[in-house]
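> File work_4.txt below, compact mmCIF, C-alpha atoms and all ligand atoms:
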# COMPACT_ATOMS: atom_id res chain seq x y z
CA MET B 20 -30.81 -13.30 -3.36
CA LYS B 21 -28.14 -12.19 -0.94
CA ALA B 22 -25.93 -9.27 -1.96
CA MET B 23 -23.27 -7.07 -0.42
CA VAL B 24 -24.38 -3.53 -1.23
CA LEU B 25 -22.56 -0.18 -1.18
CA GLU B 26 -25.08 2.44 -0.11
CA LYS B 27 -22.65 5.29 0.46
CA PRO B 28 -18.89 5.56 -0.24
CA GLY B 29 -16.77 5.42 2.87
CA GLN B 30 -19.17 3.05 4.64
CA PRO B 31 -18.93 -0.72 4.93
CA LEU B 32 -20.95 -2.81 2.48
CA GLN B 33 -24.31 -4.05 3.82
CA LEU B 34 -25.47 -7.65 3.51
CA LEU B 35 -28.99 -7.33 2.06
CA GLU B 36 -31.69 -9.61 0.73
CA ARG B 37 -32.64 -8.40 -2.76
CA PRO B 38 -35.21 -9.63 -5.30
CA ASP B 39 -33.63 -11.91 -7.92
CA PRO B 40 -32.61 -9.69 -10.87
CA LEU B 41 -34.22 -10.64 -14.19
CA PRO B 42 -32.53 -10.22 -17.58
CA GLY B 43 -33.95 -7.80 -20.14
CA PRO B 44 -33.54 -8.24 -23.91
CA GLY B 45 -29.94 -9.11 -24.79
CA GLN B 46 -29.07 -9.87 -21.17
CA VAL B 47 -28.47 -13.02 -19.17
CA GLN B 48 -28.91 -13.87 -15.51
CA VAL B 49 -25.81 -15.51 -14.07
CA ALA B 50 -25.57 -17.54 -10.87
CA VAL B 51 -22.31 -16.25 -9.38
CA SER B 52 -19.87 -18.90 -8.25
CA ALA B 53 -16.90 -16.62 -7.59
CA CYS B 54 -16.15 -12.90 -7.74
CA GLY B 55 -12.69 -11.44 -7.42
CA VAL B 56 -11.97 -8.41 -5.27
CA CYS B 57 -10.09 -5.84 -7.33
CA ARG B 58 -8.30 -2.68 -6.24
CA THR B 59 -10.82 -0.74 -8.32
CA ASP B 60 -13.52 -1.98 -5.92
CA LEU B 61 -11.61 -0.22 -3.16
CA HIS B 62 -11.60 2.99 -5.19
CA VAL B 63 -15.39 2.66 -5.66
CA VAL B 64 -16.04 1.84 -2.00
CA ASP B 65 -13.77 4.64 -0.79
CA GLY B 66 -15.26 7.16 -3.24
CA ASP B 67 -12.01 7.84 -5.16
CA LEU B 68 -14.10 6.95 -8.21
CA SER B 69 -17.11 9.21 -7.82
CA GLU B 70 -19.48 8.17 -10.60
CA ALA B 71 -20.94 5.10 -8.93
CA ARG B 72 -24.67 4.56 -9.32
CA LEU B 73 -25.79 4.17 -5.71
CA PRO B 74 -26.73 1.87 -4.15
CA ILE B 75 -24.48 -0.48 -6.10
CA ILE B 76 -23.38 -4.11 -5.77
CA PRO B 77 -19.60 -4.02 -6.46
CA GLY B 78 -17.59 -6.72 -8.16
CA HIS B 79 -16.37 -7.07 -11.74
CA GLU B 80 -14.33 -10.27 -11.80
CA ILE B 81 -17.34 -12.53 -12.01
CA VAL B 82 -17.41 -16.24 -12.78
CA GLY B 83 -20.72 -18.05 -12.87
CA THR B 84 -23.16 -20.09 -14.91
CA ILE B 85 -25.99 -18.75 -17.02
CA SER B 86 -29.28 -19.34 -15.24
CA VAL B 87 -31.78 -17.35 -17.35
CA LEU B 88 -31.51 -16.20 -20.98
CA GLY B 89 -33.06 -12.86 -21.89
CA GLU B 90 -34.94 -12.29 -25.12
CA GLY B 91 -32.81 -12.43 -28.26
CA VAL B 92 -29.64 -13.82 -26.66
CA ALA B 93 -27.79 -16.08 -29.08
CA GLY B 94 -24.60 -18.05 -28.60
CA PHE B 95 -25.20 -19.06 -24.98
CA LYS B 96 -27.30 -21.71 -23.28
CA ILE B 97 -28.36 -22.23 -19.70
CA GLY B 98 -25.55 -23.79 -17.68
CA ASP B 99 -22.71 -22.24 -19.71
CA ARG B 100 -19.80 -21.08 -17.59
CA VAL B 101 -19.04 -17.43 -18.31
CA GLY B 102 -16.88 -14.58 -17.07
CA ILE B 103 -18.07 -10.99 -16.74
CA PRO B 104 -15.51 -8.14 -16.74
CA TRP B 105 -15.36 -4.45 -15.76
CA LEU B 106 -16.63 -3.05 -19.06
CA GLY B 107 -20.24 -4.23 -18.99
CA TYR B 108 -21.88 -2.02 -21.61
CA SER B 109 -20.89 0.17 -24.54
CA CYS B 110 -23.15 2.31 -26.71
CA GLY B 111 -22.16 0.69 -30.01
CA CYS B 112 -22.42 3.92 -32.01
CA CYS B 113 -19.83 6.48 -30.81
CA ARG B 114 -16.56 7.02 -32.72
CA TYR B 115 -14.74 4.67 -30.33
CA CYS B 116 -17.29 1.85 -30.47
CA THR B 117 -17.36 1.93 -34.26
CA SER B 118 -13.56 1.70 -34.50
CA GLY B 119 -12.99 -1.30 -32.22
CA ALA B 120 -12.01 0.89 -29.27
CA GLU B 121 -15.14 0.38 -27.18
CA ASN B 122 -12.91 0.51 -24.10
CA LEU B 123 -13.01 4.30 -24.66
CA CYS B 124 -16.79 4.48 -25.32
CA ASP B 125 -18.38 7.87 -24.59
CA GLU B 126 -21.37 6.26 -22.80
CA PRO B 127 -19.94 3.17 -21.13
CA GLY B 128 -21.40 1.12 -18.28
CA PHE B 129 -19.06 -0.53 -15.81
CA THR B 130 -19.83 -3.66 -13.85
CA GLY B 131 -19.95 -3.10 -10.11
CA TYR B 132 -19.88 0.68 -10.64
CA GLN B 133 -22.93 1.63 -12.72
CA ILE B 134 -24.20 -1.93 -13.29
CA ASP B 135 -24.78 -4.20 -10.29
CA GLY B 136 -21.86 -6.61 -10.07
CA GLY B 137 -20.83 -9.90 -8.57
CA TYR B 138 -20.78 -9.44 -4.79
CA ALA B 139 -24.08 -11.33 -4.85
CA GLU B 140 -25.62 -14.73 -5.48
CA LEU B 141 -27.03 -13.62 -8.85
CA THR B 142 -26.23 -10.92 -11.37
CA VAL B 143 -27.54 -9.77 -14.74
CA ALA B 144 -25.17 -8.94 -17.56
CA ASP B 145 -25.23 -7.77 -21.17
CA ALA B 146 -24.61 -10.95 -23.17
CA ARG B 147 -22.17 -9.00 -25.42
CA TYR B 148 -19.97 -8.65 -22.34
CA CYS B 149 -20.12 -12.26 -21.17
CA PHE B 150 -17.26 -14.48 -22.23
CA ALA B 151 -17.19 -18.25 -22.37
CA LEU B 152 -14.70 -19.54 -19.81
CA PRO B 153 -12.92 -22.70 -20.86
CA GLY B 154 -11.81 -25.17 -18.18
CA PRO B 155 -10.07 -26.71 -16.41
CA GLN B 156 -9.19 -23.86 -14.04
CA GLY B 157 -11.59 -23.58 -11.12
CA ASP B 158 -14.10 -20.79 -10.69
CA ALA B 159 -12.23 -18.99 -7.91
CA GLU B 160 -8.89 -19.35 -9.72
CA SER B 161 -10.41 -17.96 -12.95
CA ALA B 162 -12.05 -14.92 -11.32
CA PRO B 163 -8.90 -12.74 -11.32
CA TRP B 164 -8.56 -13.34 -15.06
CA LEU B 165 -11.57 -11.09 -15.61
CA CYS B 166 -9.90 -7.85 -14.58
CA ALA B 167 -6.39 -8.35 -13.25
CA GLY B 168 -5.77 -10.70 -16.18
CA LEU B 169 -7.44 -8.62 -18.86
CA ILE B 170 -6.02 -5.26 -17.81
CA GLY B 171 -2.66 -6.90 -17.26
CA TYR B 172 -2.79 -8.45 -20.71
CA ARG B 173 -3.77 -5.16 -22.38
CA SER B 174 -0.97 -3.39 -20.46
CA LEU B 175 1.52 -5.99 -21.66
CA VAL B 176 0.39 -5.52 -25.27
CA MET B 177 0.84 -1.75 -24.85
CA ALA B 178 4.39 -2.33 -23.59
CA GLY B 179 5.26 -3.27 -27.16
CA GLU B 180 6.14 -6.39 -29.09
CA ASP B 181 9.86 -5.71 -28.88
CA CYS B 182 9.85 -5.38 -25.11
CA GLN B 183 12.33 -7.97 -23.91
CA ARG B 184 13.08 -6.51 -20.47
CA LEU B 185 9.85 -5.57 -18.72
CA GLY B 186 9.62 -3.74 -15.40
CA ILE B 187 6.51 -4.21 -13.25
CA TYR B 188 5.85 -1.74 -10.43
CA GLY B 189 3.49 -3.15 -7.80
CA PHE B 190 3.37 -6.91 -7.59
CA GLY B 191 -0.22 -7.90 -6.82
CA ALA B 192 -2.95 -9.71 -8.71
CA ALA B 193 -2.40 -8.19 -12.18
CA ALA B 194 1.38 -8.43 -11.97
CA HIS B 195 1.44 -12.09 -11.02
CA ILE B 196 -0.60 -12.87 -14.13
CA VAL B 197 1.45 -10.62 -16.43
CA ALA B 198 4.66 -12.18 -15.15
CA GLN B 199 3.45 -15.63 -16.22
CA ILE B 200 2.46 -14.44 -19.70
CA ALA B 201 5.73 -12.53 -20.10
CA ARG B 202 7.76 -15.57 -19.08
CA HIS B 203 5.76 -17.71 -21.51
CA GLN B 204 6.69 -15.20 -24.22
CA GLN B 205 10.34 -15.46 -23.14
CA ARG B 206 10.60 -11.94 -21.82
CA GLU B 207 12.46 -10.99 -18.63
CA VAL B 208 10.44 -9.50 -15.77
CA TYR B 209 11.98 -7.05 -13.28
CA ALA B 210 9.62 -6.63 -10.30
CA PHE B 211 9.50 -3.51 -8.13
CA THR B 212 7.64 -3.51 -4.82
CA SER B 213 7.13 -1.16 -1.89
CA PRO B 214 10.51 -0.66 -0.18
CA GLY B 215 11.24 -3.61 2.08
CA ASP B 216 8.31 -5.78 0.97
CA THR B 217 10.43 -8.90 0.84
CA ALA B 218 7.35 -11.17 0.77
CA ALA B 219 6.13 -9.57 -2.48
CA GLN B 220 9.67 -9.74 -3.89
CA ALA B 221 9.91 -13.44 -3.08
CA PHE B 222 6.48 -13.97 -4.67
CA ALA B 223 7.63 -12.14 -7.83
CA LEU B 224 10.70 -14.37 -8.13
CA GLU B 225 8.49 -17.42 -7.64
CA MET B 226 6.24 -16.18 -10.47
CA GLY B 227 9.21 -16.03 -12.81
CA ALA B 228 10.72 -12.57 -12.34
CA VAL B 229 14.48 -12.54 -12.98
CA TRP B 230 14.99 -9.69 -10.49
CA ALA B 231 12.98 -8.17 -7.68
CA GLY B 232 13.72 -5.08 -5.63
CA ASP B 233 12.46 -1.87 -4.05
CA SER B 234 10.63 0.66 -6.22
CA HIS B 235 13.25 3.37 -5.68
CA GLN B 236 16.06 1.06 -6.79
CA GLN B 237 17.47 1.07 -10.30
CA PRO B 238 17.20 -2.33 -12.00
CA PRO B 239 20.48 -4.08 -12.91
CA CYS B 240 19.98 -3.15 -16.59
CA GLU B 241 17.97 -0.71 -18.70
CA LEU B 242 14.37 -1.76 -19.27
CA ASP B 243 12.55 -1.73 -22.61
CA ALA B 244 9.24 -0.92 -20.96
CA ALA B 245 7.58 -0.77 -17.56
CA ILE B 246 4.03 -1.29 -16.36
CA ILE B 247 2.88 0.51 -13.22
CA PHE B 248 0.06 -1.24 -11.36
CA ALA B 249 0.55 0.47 -8.00
CA PRO B 250 -1.65 3.60 -7.71
CA VAL B 251 1.36 5.74 -6.84
CA GLY B 252 2.16 8.78 -9.02
CA PRO B 253 5.85 9.10 -8.01
CA LEU B 254 6.44 5.72 -9.69
CA VAL B 255 6.00 7.39 -13.09
CA PRO B 256 9.29 9.35 -12.98
CA ALA B 257 10.91 6.33 -11.27
CA ALA B 258 9.87 4.08 -14.16
CA LEU B 259 10.85 6.69 -16.77
CA SER B 260 14.34 6.74 -15.26
CA ALA B 261 14.56 2.96 -15.57
CA VAL B 262 13.56 2.61 -19.25
CA ARG B 263 15.84 3.02 -22.24
CA LYS B 264 15.50 5.56 -25.08
CA GLY B 265 12.27 4.84 -26.92
CA GLY B 266 11.00 2.91 -23.90
CA ILE B 267 7.36 2.87 -22.85
CA VAL B 268 5.86 3.40 -19.40
CA VAL B 269 2.32 2.00 -19.15
CA CYS B 270 0.07 3.13 -16.31
CA GLY B 271 -2.29 0.20 -15.76
CA GLY B 272 -4.42 1.50 -12.90
CA ILE B 273 -7.72 3.34 -13.11
CA HIS B 274 -6.73 5.68 -10.29
CA MET B 275 -3.33 7.07 -9.34
CA SER B 276 -2.09 9.72 -6.92
CA ASP B 277 -0.69 12.88 -8.55
CA ILE B 278 2.44 12.50 -10.63
CA PRO B 279 5.16 14.81 -9.31
CA SER B 280 6.98 17.12 -11.73
CA PHE B 281 10.14 15.66 -13.18
CA PRO B 282 13.06 16.83 -15.32
CA TYR B 283 12.35 16.72 -19.05
CA HIS B 284 15.52 14.75 -19.76
CA ILE B 285 13.98 11.54 -18.31
CA LEU B 286 11.21 11.75 -20.91
CA TRP B 287 13.57 12.90 -23.66
CA GLY B 288 14.82 10.24 -26.05
CA GLU B 289 11.32 9.44 -27.33
CA ARG B 290 10.26 7.74 -24.15
CA VAL B 291 6.49 7.36 -23.93
CA ILE B 292 4.05 7.49 -21.00
CA ARG B 293 0.61 6.08 -21.62
CA SER B 294 -2.36 4.78 -19.68
CA VAL B 295 -4.48 1.71 -20.32
CA ALA B 296 -8.22 2.09 -19.95
CA ASN B 297 -10.61 -0.80 -19.49
CA LEU B 298 -10.66 -3.55 -22.09
CA THR B 299 -12.04 -4.38 -25.49
CA ARG B 300 -13.96 -7.55 -26.24
CA GLN B 301 -11.09 -8.56 -28.50
CA ASP B 302 -8.71 -8.33 -25.52
CA ALA B 303 -11.02 -10.68 -23.63
CA LEU B 304 -11.17 -13.17 -26.49
CA ASP B 305 -7.37 -13.04 -26.98
CA PHE B 306 -6.50 -13.34 -23.31
CA LEU B 307 -9.07 -16.03 -22.50
CA ALA B 308 -7.73 -18.08 -25.41
CA LEU B 309 -4.11 -17.65 -24.29
CA ALA B 310 -4.47 -18.03 -20.50
CA PRO B 311 -5.51 -21.72 -20.42
CA GLN B 312 -2.69 -22.64 -22.82
CA ILE B 313 0.11 -21.29 -20.61
CA PRO B 314 -1.73 -22.03 -18.24
CA VAL B 315 -1.97 -18.86 -16.15
CA VAL B 316 -2.20 -20.00 -12.54
CA THR B 317 -3.61 -17.55 -10.04
CA ARG B 318 -3.06 -17.62 -6.33
CA VAL B 319 -6.30 -16.78 -4.56
CA GLU B 320 -7.53 -16.36 -1.03
CA GLU B 321 -11.22 -17.22 -0.68
CA PHE B 322 -13.69 -15.34 1.51
CA PRO B 323 -17.41 -16.07 1.97
CA LEU B 324 -19.64 -13.44 0.36
CA ASP B 325 -20.69 -11.93 3.68
CA GLN B 326 -17.03 -11.23 4.47
CA ALA B 327 -16.60 -8.83 1.55
CA ASN B 328 -15.65 -6.02 3.94
CA GLU B 329 -12.92 -8.19 5.45
CA ALA B 330 -11.65 -9.05 1.96
CA LEU B 331 -11.55 -5.36 0.99
CA HIS B 332 -9.72 -4.59 4.22
CA ALA B 333 -7.15 -7.30 3.54
CA LEU B 334 -6.52 -5.84 0.07
CA ARG B 335 -6.28 -2.29 1.44
CA SER B 336 -3.78 -3.25 4.11
CA GLY B 337 -1.64 -5.28 1.72
CA ASN B 338 -2.21 -8.50 3.67
CA LEU B 339 -2.81 -10.64 0.60
CA THR B 340 -0.51 -12.60 -1.64
CA GLY B 341 -2.36 -13.05 -4.90
CA ALA B 342 -6.04 -12.17 -5.16
CA ALA B 343 -9.03 -12.15 -2.83
CA VAL B 344 -12.09 -13.97 -4.21
CA LEU B 345 -15.61 -14.01 -2.74
CA ARG B 346 -17.65 -17.21 -2.81
CA PRO B 347 -21.42 -16.83 -2.45
ZN ZN J 401 -19.66 3.96 -27.53
ZN ZN J 402 -10.69 -4.53 -11.66
Go ahead and render the structure in this file as structure tokens.

Amino acid sequence: MKAMVLEKPGQPLQLLERPDPLPGPGQVQVAVSACGVCRTDLHVVDGDLSEARLPIIPGHEIVGTISVLGEGVAGFKIGDRVGIPWLGYSCGCCRYCTSGAENLCDEPGFTGYQIDGGYAELTVADARYCFALPGPQGDAESAPWLCAGLIGYRSLVMAGEDCQRLGIYGFGAAAHIVAQIARHQQREVYAFTSPGDTAAQAFALEMGAVWAGDSHQQPPCELDAAIIFAPVGPLVPAALSAVRKGGIVVCGGIHMSDIPSFPYHILWGERVIRSVANLTRQDALDFLALAPQIPVVTRVEEFPLDQANEALHALRSGNLTGAAVLRP
């Protein structure tokens, strides 16, 4: 099979011919039809996330069809369309796994980080972390659901049931999905972008935001909660200043620059800062049931597999509206 492989952080991915990977017990081989390019891939490729198993095939927003069933796999058949997310393995026995919080597992395996991912023609996945993907959305359009959608959904849940006015800082792939769910749930979205990024602000309004502005601006009203997707630490005090007493600031990214010190009074009033880590299988089941009903529509820009470096570059330089997706 062909694969785009990261041999060393900081270097471009290499297009390599690899033996077809075969599933072990409890695993499936999946013929990849689309794989989204997530900001986390940039952090892996750049070495900001330093626990990659090298060499590694990145990619954790995988859509494909099952091509080989490993021993003991139940509930799937060859030809089933599935999605494979970032969390690709959990130990099943630590205190987190046994309490339904396997997103915090002590011995996790992450797709495209420790487990070879979807920048390839074929991949092998733990069947416990494959999810049936209902139609009719296309493969490329469904790929961003697997991380941007899932993390976005979990972040929205963490923002609280009574969040009516939701701020979103950083309007990329995750935000454009969250905005659609939030609108479906009749909440108001206030979108904050890099100062002067009028294209992203227009995109946010198109996706249903009631207001869009620069990240250093105050919104026209107090927010109940805010989700920060941009990996920019100074947005934490900015978001805290925009939420009401008792409001929640959710940090949705896996990596963020340092958070500057800030006066205690912006946290005072029982405001909460929290992060969101990974996903649980229940999140995947909940979101993948909800998304087709809305339906969540994703805007994607397709790249052939061998242009993975170009896709990563486009994401890094902010030259994308929506999500980059690789097609093998
Ligand atoms: Zn565990
Ligand atoms: Zn991701």
> How close does each residue of segment 201-248 of chain B get to segment 270-294 of chain B, giving the shortest atom pair and distance in Å to one decimal for every residue with an atom at most 8 Å away, counting all atoms listed in the file, sorted by chain and residue number, as a tab-separated table?

residue	atom	partner	partner_atom	distance
B:Ile246	CA	B:Cys270	CA	5.9
B:Ile247	CA	B:Cys270	CA	4.9
B:Phe248	CA	B:Gly271	CA	5.2
> Set the distance at 8 Å and use all atoms listed in the file: which residues neighbour Ala327 of chain B once local chain neighbours fewer than 3 positions away are removed? I'd like the list as a PDB file with C-alpha atoms, in the frame of the given file.

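What follows is the written file out.pdb:
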ATOM      1  CA  MET B  23     -23.270  -7.070  -0.420  1.00  0.00           C
ATOM      2  CA  LEU B  32     -20.950  -2.810   2.480  1.00  0.00           C
ATOM      3  CA  TYR B 138     -20.780  -9.440  -4.790  1.00  0.00           C
ATOM      4  CA  PHE B 322     -13.690 -15.340   1.510  1.00  0.00           C
ATOM      5  CA  PRO B 323     -17.410 -16.070   1.970  1.00  0.00           C
ATOM      6  CA  LEU B 324     -19.640 -13.440   0.360  1.00  0.00           C
ATOM      7  CA  ALA B 330     -11.650  -9.050   1.960  1.00  0.00           C
ATOM      8  CA  LEU B 331     -11.550  -5.360   0.990  1.00  0.00           C
ATOM      9  CA  LEU B 345     -15.610 -14.010  -2.740  1.00  0.00           C
TER      10      LEU B 345
END
> Set the cut-off to 6 Å, count only C-alpha atoms and all ligand atoms, and list whatever residues fall near ligand ZN 402 (chain J) as number ranges by chain.
B: 57, 59, 166-167
> Residues within 10 Å of ligand ZN 401 (chain J), counting all atoms listed in the file: report them as a PyMOL selection string.
chain B and resi 108-128
> Which residue is closest to Ala223 of chain B? Choose from B:Leu141, B:Leu152, B:Ile196, B:Leu34 and count all atoms listed in the file.
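For Ala223 of chain B, the nearest of the candidates is B:Ile196.
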> Can you pull out every residue within 12 Å of Gly171 of chain B, counting all atoms listed in the file, but drop anything in the same chain fewer than 5 positions away, and send it as a VMD selection string?
chain B and resid 163 to 166 176 to 178 187 189 to 201 245 to 248 269 to 272 294 to 298 302 to 303 306 310
> Mind pulling up the distance from atom CA of Gln312 of chain B to atom CA of Leu169 of chain B?
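Answer for the atom CA of Leu169 of chain B to atom CA of Gln312 of chain B separation: 15.3 Å.
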> Every residue with an atom at most 8 Å from (14.6, -1.5, -18.5) (file coordinates; only C-alpha atoms) is what I'm after, so could you write them as a list in words?
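Checked against the point, the hits come out as Arg184, Leu185, Gly186, Pro238, Cys240, Glu241, Leu242, Asp243, Ala244, Ala245, Ala261, Val262, Arg263 and Gly266 of chain B.
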> Can you work out the spacing between atom CA of Gln30 of chain B and atom CA of His62 of chain B in Å, to one decimal?
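Atom CA of His62 of chain B lies 12.4 Å from atom CA of Gln30 of chain B.
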> Can you measure atom CA of Pro38 of chain B to atom CA of Gly98 of chain B for me? One decimal in Å is fine.
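That distance, rounded to one decimal, is 21.1 Å.
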> Quick one: everything within 9 Å of Leu41 of chain B, counting only C-alpha atoms, minus sequence neighbours fewer than 6 positions away in the same chain. Send it as a PyMOL selection string.
chain B and resi 47-48+87+89+142-143
> Nearest to Val316 of chain B: which of B:Val208, B:Leu339, B:Ala159, B:Ile76 is it, counting only C-alpha atoms?
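Among the listed residues, the smallest separation from Val316 of chain B belongs to B:Ala159.
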> Please tell me which residues are no farther than 8 Å from (-28.6, -12.3, -2.7) in the file, counting only C-alpha atoms, and write them as a CSV table (one decimal) with C-alpha atoms, in the coordinates of the input.

chain,number,residue,atom,x,y,z
B,20,MET,CA,-30.8,-13.3,-3.4
B,21,LYS,CA,-28.1,-12.2,-0.9
B,22,ALA,CA,-25.9,-9.3,-2.0
B,23,MET,CA,-23.3,-7.1,-0.4
B,35,LEU,CA,-29.0,-7.3,2.1
B,36,GLU,CA,-31.7,-9.6,0.7
B,37,ARG,CA,-32.6,-8.4,-2.8
B,38,PRO,CA,-35.2,-9.6,-5.3
B,39,ASP,CA,-33.6,-11.9,-7.9
B,139,ALA,CA,-24.1,-11.3,-4.8
B,140,GLU,CA,-25.6,-14.7,-5.5
B,141,LEU,CA,-27.0,-13.6,-8.8
> Kindly indicate which residue among B:Lys27, B:Arg173, B:Lys264, B:Arg100 lies nearest to Thr299 of chain B, using all atoms listed in the file for the distances.
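Of B:Lys27, B:Arg173, B:Lys264, B:Arg100, the one nearest Thr299 of chain B, counting all atoms listed in the file, is B:Arg173.
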> Using only C-alpha atoms, which residues sit within 9 Å of Trp230 of chain B once same-chain residues fewer than 3 positions away are excluded, as an NGL selection string?
:B and (207-211 or 220 or 223-224 or 227 or 238-239)
> Could you give me, as a PDB file with C-alpha atoms, keeping the file's coordinate frame, the residues within 10 Å of Leu25 of chain B, counting all atoms listed in the file and dropping anything in the same chain fewer than 4 positions from it?

ATOM      1  CA  GLY B  29     -16.770   5.420   2.870  1.00  0.00           C
ATOM      2  CA  GLN B  30     -19.170   3.050   4.640  1.00  0.00           C
ATOM      3  CA  PRO B  31     -18.930  -0.720   4.930  1.00  0.00           C
ATOM      4  CA  LEU B  32     -20.950  -2.810   2.480  1.00  0.00           C
ATOM      5  CA  GLN B  33     -24.310  -4.050   3.820  1.00  0.00           C
ATOM      6  CA  LEU B  34     -25.470  -7.650   3.510  1.00  0.00           C
ATOM      7  CA  VAL B  63     -15.390   2.660  -5.660  1.00  0.00           C
ATOM      8  CA  VAL B  64     -16.040   1.840  -2.000  1.00  0.00           C
ATOM      9  CA  ALA B  71     -20.940   5.100  -8.930  1.00  0.00           C
ATOM     10  CA  ARG B  72     -24.670   4.560  -9.320  1.00  0.00           C
ATOM     11  CA  LEU B  73     -25.790   4.170  -5.710  1.00  0.00           C
ATOM     12  CA  PRO B  74     -26.730   1.870  -4.150  1.00  0.00           C
ATOM     13  CA  ILE B  75     -24.480  -0.480  -6.100  1.00  0.00           C
ATOM     14  CA  ILE B  76     -23.380  -4.110  -5.770  1.00  0.00           C
ATOM     15  CA  PRO B  77     -19.600  -4.020  -6.460  1.00  0.00           C
ATOM     16  CA  GLY B 131     -19.950  -3.100 -10.110  1.00  0.00           C
ATOM     17  CA  TYR B 132     -19.880   0.680 -10.640  1.00  0.00           C
TER      18      TYR B 132
END
